Amino acid sequence: MLIGEVARRSGVSARMLRHYDDLGLVRPTGRTVGGYRSYSADDVRRIFHVESLRSLGLSLKQIGRALKDPAFTPSALVGDLIQWAEDRLARERELLERLRVIDASAPADWQDVLRVVELMRELDSSSAARRQQAVLTRPESAPVPAELLAGAVLTESDPHVAGALRWALARTGDDGVTALAAAARSGDVEVRRRAVLAIAGMAEVPDAVPVLTDRLEDPDAQVRGQAALALGAQGVAAAVTVLVRMVVDGTKDVDAAEALGILSRDPATATRITTLLADRLAEPTADPATRIRLIQALVELEGTTPLEILRRLARDEDRTVALVASALAGIVAERAGEVPDDP
């Protein structure tokens with residue numbers, strides 16, 4: 001079979017077949033009287049073997065070694081090819097994400113594209129100071145794409161840089177929340193913590209409320225707490241149960257008490273909060289430290305019921321609890337323009 005016919009049947013160009021011959025990969029068995037290459041059936045099968053190995057990503061040199069050495073074992077080479085393919089896919093995914101970020105920034109010209117690329121490079125710097133400066137020195141006329149900031153804040157380990165990134169994200173409003181919403185449900189708890197903390201800084205954005213509310217059921221206490229504090233500051237009553245739990249556990253209990261105070265401005269919510277705190281105070285398993293934190297939370301609440309509970313606790317059997325309740329009852333009474341009863 002002459003080279004032209006082999007090329008037609010195999011799909012390998014005549015030029016490539018000549019190259020294979022020069023490299024010794026597939027040498028035709030014979031020659032015609034006129035000196036033309038003549039391929040046997042075995043030669044054609046070898047061509048298909050070469051093409052099959054090329055499709056796996058092997059170089060021609062590797063293919064030559066594989067076909068020449070009968071003792072050649074493919075396992076090590078295939079393992080190397082797998083690693084190479086994974087590395088290539090990672091690079092291509094990174095490139096795809098960068099292209100998406102540039103596209104989302106809606107560049108008006110190539111200068112806009114170059115500015116985004118420069119910011120990407122700065123945020124990839126090994127210097128925390130350089131990463132922070134890249135965010136803080138960005139001019140007002142050159143807004144940072146929310147997707148780029150979101151990706152950076154989810155991987156940033158330096159607290160100062162992370163703070164700068166959250167500040168910049170907060171300026172993007174709804175776009176920033178949208179860029180972080182999926183990460184708030186990530187299976188990686190560290191990613192969820194970073195995402196929810198960033199969204200908490202944008203809690204006044206309407207789109208942030210449903211994302212944060214969803215995280216009140218998160219299995220991680222830190223994520224739940226971040227969401228509850230942000231929602232409480234915005235007057236979202238769904239956060240009440242988590243905030244009371246934070247007071248009981250002593251996890252950012254002062255912040256949680258302040259958030260409960262904000263929520264208590266609504267009379268119906270105030271009644272609910274007061275009832276929950278009173279129930280916790282009455283639990284037989286509540287230790288003095290827990291009860292004191294609950295008493296301190298009562299001081300933050302609106303309404304007259306907290307003062308009544310404090311005056312009752314001023315006569316508690318636990319002397320420490322009674323002293324704290326008595327002192328705080330005086331503060332609440334004075335704030336309300338009343339004179340507290342003597343304990």
# chains A, B, ... in the order shown; residues from 1 in each chain; ligands from 1
$ select_by_dssp --residues "segment 156-263 of chain A" --states "helix (DSSP H, G or I)" --output "count of residues only"
82
$ residues_around --residues "Arg215 of chain A" --least-positions-apart "4" --cutoff "9 Å" --atoms "only C-alpha atoms" --output "ChimeraX atom specification"
/A:184-185,196,210-211,219,223-224,226-228
$ write_last_selection --atoms "N, CA, C and O atoms" --output "tab-separated table (two decimals), in the first residue's frame"
chain	number	residue	atom	x	y	z
A	184	ALA	N	-21.04	30.51	50.68
A	184	ALA	CA	-21.65	30.44	52.00
A	184	ALA	C	-22.26	29.07	52.28
A	184	ALA	O	-22.54	28.74	53.43
A	185	ARG	N	-22.44	28.27	51.23
A	185	ARG	CA	-22.97	26.91	51.39
A	185	ARG	C	-21.90	25.86	51.08
A	185	ARG	O	-22.23	24.68	50.90
A	196	VAL	N	-19.38	33.99	54.95
A	196	VAL	CA	-20.43	34.56	55.81
A	196	VAL	C	-19.93	35.80	56.53
A	196	VAL	O	-20.67	36.78	56.69
A	210	PRO	N	-31.50	36.78	53.08
A	210	PRO	CA	-31.83	35.35	52.92
A	210	PRO	C	-30.60	34.45	52.99
A	210	PRO	O	-30.68	33.32	53.49
A	211	VAL	N	-29.45	34.93	52.51
A	211	VAL	CA	-28.24	34.11	52.57
A	211	VAL	C	-27.82	33.90	54.03
A	211	VAL	O	-27.51	32.77	54.45
A	219	PRO	N	-24.10	23.85	60.60
A	219	PRO	CA	-23.56	22.97	61.66
A	219	PRO	C	-22.39	23.59	62.41
A	219	PRO	O	-22.05	23.13	63.51
A	223	VAL	N	-20.05	29.99	62.10
A	223	VAL	CA	-20.83	30.47	60.96
A	223	VAL	C	-22.20	30.94	61.45
A	223	VAL	O	-22.68	32.02	61.06
A	224	ARG	N	-22.85	30.13	62.30
A	224	ARG	CA	-24.16	30.53	62.85
A	224	ARG	C	-24.06	31.85	63.59
A	224	ARG	O	-24.93	32.73	63.45
A	226	GLN	N	-21.81	34.31	63.29
A	226	GLN	CA	-21.58	35.44	62.38
A	226	GLN	C	-22.88	35.89	61.73
A	226	GLN	O	-23.18	37.08	61.64
A	227	ALA	N	-23.65	34.90	61.27
A	227	ALA	CA	-24.92	35.22	60.61
A	227	ALA	C	-25.90	35.85	61.59
A	227	ALA	O	-26.57	36.84	61.26
A	228	ALA	N	-25.99	35.30	62.79
A	228	ALA	CA	-26.95	35.80	63.77
A	228	ALA	C	-26.64	37.23	64.21
A	228	ALA	O	-27.54	38.06	64.35
$ residues_around --residues "Leu123 of chain A" --least-positions-apart "6" --cutoff "8 Å" --atoms "only C-alpha atoms" --output "NGL selection string"
:A and (130-131 or 134 or 152)
$ write_last_selection --atoms "C-alpha atoms" --output "PDB file, in the first residue's frame"
ATOM      1  CA  ARG A 130       1.340  44.388  48.535  1.00  0.00           C
ATOM      2  CA  ARG A 131      -1.993  42.547  48.402  1.00  0.00           C
ATOM      3  CA  ALA A 134      -3.626  46.656  45.755  1.00  0.00           C
ATOM      4  CA  ALA A 152      -9.475  36.546  47.007  1.00  0.00           C
TER       5      ALA A 152
END
$ residues_around --residues "Ile47 of chain A" --least-positions-apart "3" --cutoff "9 Å" --atoms "only C-alpha atoms" --output "PyMOL selection string"
chain A and resi 10+12+17+20+25-26+42-44+50-52
$ closest_residue --among "A:Ile295, A:Asp188, A:Asp279, A:Glu300" --to "Ala325 of chain A" --atoms "only C-alpha atoms"
A:Ile295
$ residues_around --residues "Ala327 of chain A" --least-positions-apart "2" --cutoff "12 Å" --atoms "only C-alpha atoms" --output "number ranges by chain"
A: 292, 295-296, 299, 307, 310-311, 313-315, 320-325, 329-334, 340-343
$ atom_distance --atom1 "atom CA of Gly261 of chain A" --atom2 "atom CA of Ala297 of chain A"
7.9 Å
$ atom_distance --atom1 "atom CA of Ala200 of chain A" --atom2 "atom CA of Leu212 of chain A"
7.5 Å
$ residues_around --residues "Ala239 of chain A" --least-positions-apart "3" --cutoff "9 Å" --atoms "only C-alpha atoms" --output "VMD selection string"
chain A and resid 213 216 227 to 232 235 to 236 242 to 244 260
$ write_last_selection --atoms "C-alpha atoms" --output "PDB file, in the first residue's frame"
ATOM      1  CA  THR A 213     -30.810  33.504  57.420  1.00  0.00           C
ATOM      2  CA  LEU A 216     -28.563  30.167  61.024  1.00  0.00           C
ATOM      3  CA  ALA A 227     -24.919  35.219  60.608  1.00  0.00           C
ATOM      4  CA  ALA A 228     -26.951  35.802  63.774  1.00  0.00           C
ATOM      5  CA  LEU A 229     -25.000  38.883  64.868  1.00  0.00           C
ATOM      6  CA  ALA A 230     -25.352  40.476  61.445  1.00  0.00           C
ATOM      7  CA  LEU A 231     -29.067  39.689  61.222  1.00  0.00           C
ATOM      8  CA  GLY A 232     -29.708  40.847  64.783  1.00  0.00           C
ATOM      9  CA  GLY A 235     -33.562  43.666  63.269  1.00  0.00           C
ATOM     10  CA  VAL A 236     -34.206  40.212  61.765  1.00  0.00           C
ATOM     11  CA  VAL A 242     -29.013  31.543  67.945  1.00  0.00           C
ATOM     12  CA  LEU A 243     -28.232  34.763  69.825  1.00  0.00           C
ATOM     13  CA  VAL A 244     -29.686  33.397  73.074  1.00  0.00           C
ATOM     14  CA  LEU A 260     -30.895  41.044  71.320  1.00  0.00           C
TER      15      LEU A 260
END
$ select_by_dssp --residues "segment 16-262 of chain A" --states "strand (DSSP E or B)" --output "ChimeraX atom specification"
/A:30-31,37-38
$ write_last_selection --atoms "C-alpha atoms" --output "short mmCIF file (atom, residue, chain, number, x, y, z; two decimals), in the first residue's frame"
data_model
loop_
_atom_site.label_atom_id
_atom_site.label_comp_id
_atom_site.auth_asym_id
_atom_site.auth_seq_id
_atom_site.Cartn_x
_atom_site.Cartn_y
_atom_site.Cartn_z
CA GLY A 30 9.26 -2.26 1.39
CA ARG A 31 9.83 0.01 -1.55
CA ARG A 37 7.29 3.65 0.26
CA SER A 38 5.17 0.52 0.46
#
$ closest_residue --among "A:Ile3, A:Leu154, A:Ala129, A:Ile273" --to "Gly35 of chain A" --atoms "only C-alpha atoms"
A:Ile3
$ decode --residues "segment 126-181 of chain A" --atoms "C-alpha atoms" --output "JSON list (two decimals), in the first residue's frame"
[["chain", "number", "residue", "atom", "x", "y", "z"],
["A", 126, "SER", "CA", 3.35, 36.59, 48.22],
["A", 127, "SER", "CA", 3.57, 39.93, 50.07],
["A", 128, "ALA", "CA", 0.58, 40.62, 52.34],
["A", 129, "ALA", "CA", 1.37, 44.34, 52.32],
["A", 130, "ARG", "CA", 1.34, 44.39, 48.54],
["A", 131, "ARG", "CA", -1.99, 42.55, 48.40],
["A", 132, "GLN", "CA", -3.50, 44.98, 50.88],
["A", 133, "GLN", "CA", -2.22, 48.01, 49.01],
["A", 134, "ALA", "CA", -3.63, 46.66, 45.75],
["A", 135, "VAL", "CA", -7.10, 46.87, 47.28],
["A", 136, "LEU", "CA", -6.84, 50.03, 49.34],
["A", 137, "THR", "CA", -5.16, 52.21, 46.71],
["A", 138, "ARG", "CA", -7.63, 51.34, 43.97],
["A", 139, "PRO", "CA", -9.03, 54.63, 42.59],
["A", 140, "GLU", "CA", -12.78, 55.32, 42.80],
["A", 141, "SER", "CA", -12.92, 55.54, 39.02],
["A", 142, "ALA", "CA", -11.66, 51.96, 38.68],
["A", 143, "PRO", "CA", -14.05, 49.70, 40.62],
["A", 144, "VAL", "CA", -12.82, 46.23, 41.49],
["A", 145, "PRO", "CA", -14.84, 43.30, 40.07],
["A", 146, "ALA", "CA", -16.83, 41.64, 42.87],
["A", 147, "GLU", "CA", -15.95, 38.16, 41.58],
["A", 148, "LEU", "CA", -12.24, 38.89, 41.87],
["A", 149, "LEU", "CA", -12.60, 40.23, 45.42],
["A", 150, "ALA", "CA", -14.79, 37.29, 46.43],
["A", 151, "GLY", "CA", -12.27, 34.77, 45.15],
["A", 152, "ALA", "CA", -9.47, 36.55, 47.01],
["A", 153, "VAL", "CA", -11.31, 36.89, 50.33],
["A", 154, "LEU", "CA", -12.16, 33.19, 50.37],
["A", 155, "THR", "CA", -8.49, 32.20, 50.25],
["A", 156, "GLU", "CA", -6.86, 35.08, 52.15],
["A", 157, "SER", "CA", -5.18, 34.04, 55.41],
["A", 158, "ASP", "CA", -3.75, 37.41, 56.50],
["A", 159, "PRO", "CA", -6.37, 39.15, 58.72],
["A", 160, "HIS", "CA", -5.39, 42.66, 57.60],
["A", 161, "VAL", "CA", -5.62, 41.83, 53.92],
["A", 162, "ALA", "CA", -8.88, 39.95, 54.50],
["A", 163, "GLY", "CA", -10.29, 43.02, 56.24],
["A", 164, "ALA", "CA", -9.35, 45.23, 53.29],
["A", 165, "LEU", "CA", -10.95, 42.76, 50.89],
["A", 166, "ARG", "CA", -14.18, 42.67, 52.94],
["A", 167, "TRP", "CA", -14.23, 46.48, 52.98],
["A", 168, "ALA", "CA", -13.86, 46.58, 49.21],
["A", 169, "LEU", "CA", -16.51, 43.89, 48.77],
["A", 170, "ALA", "CA", -18.97, 45.83, 50.91],
["A", 171, "ARG", "CA", -18.68, 48.68, 48.42],
["A", 172, "THR", "CA", -19.91, 46.43, 45.61],
["A", 173, "GLY", "CA", -23.30, 45.87, 47.29],
["A", 174, "ASP", "CA", -25.55, 43.25, 45.69],
["A", 175, "ASP", "CA", -22.76, 42.10, 43.37],
["A", 176, "GLY", "CA", -20.60, 41.16, 46.34],
["A", 177, "VAL", "CA", -23.37, 39.15, 47.99],
["A", 178, "THR", "CA", -24.12, 37.35, 44.72],
["A", 179, "ALA", "CA", -20.44, 36.50, 44.25],
["A", 180, "LEU", "CA", -20.24, 34.96, 47.74],
["A", 181, "ALA", "CA", -23.64, 33.26, 48.00]]
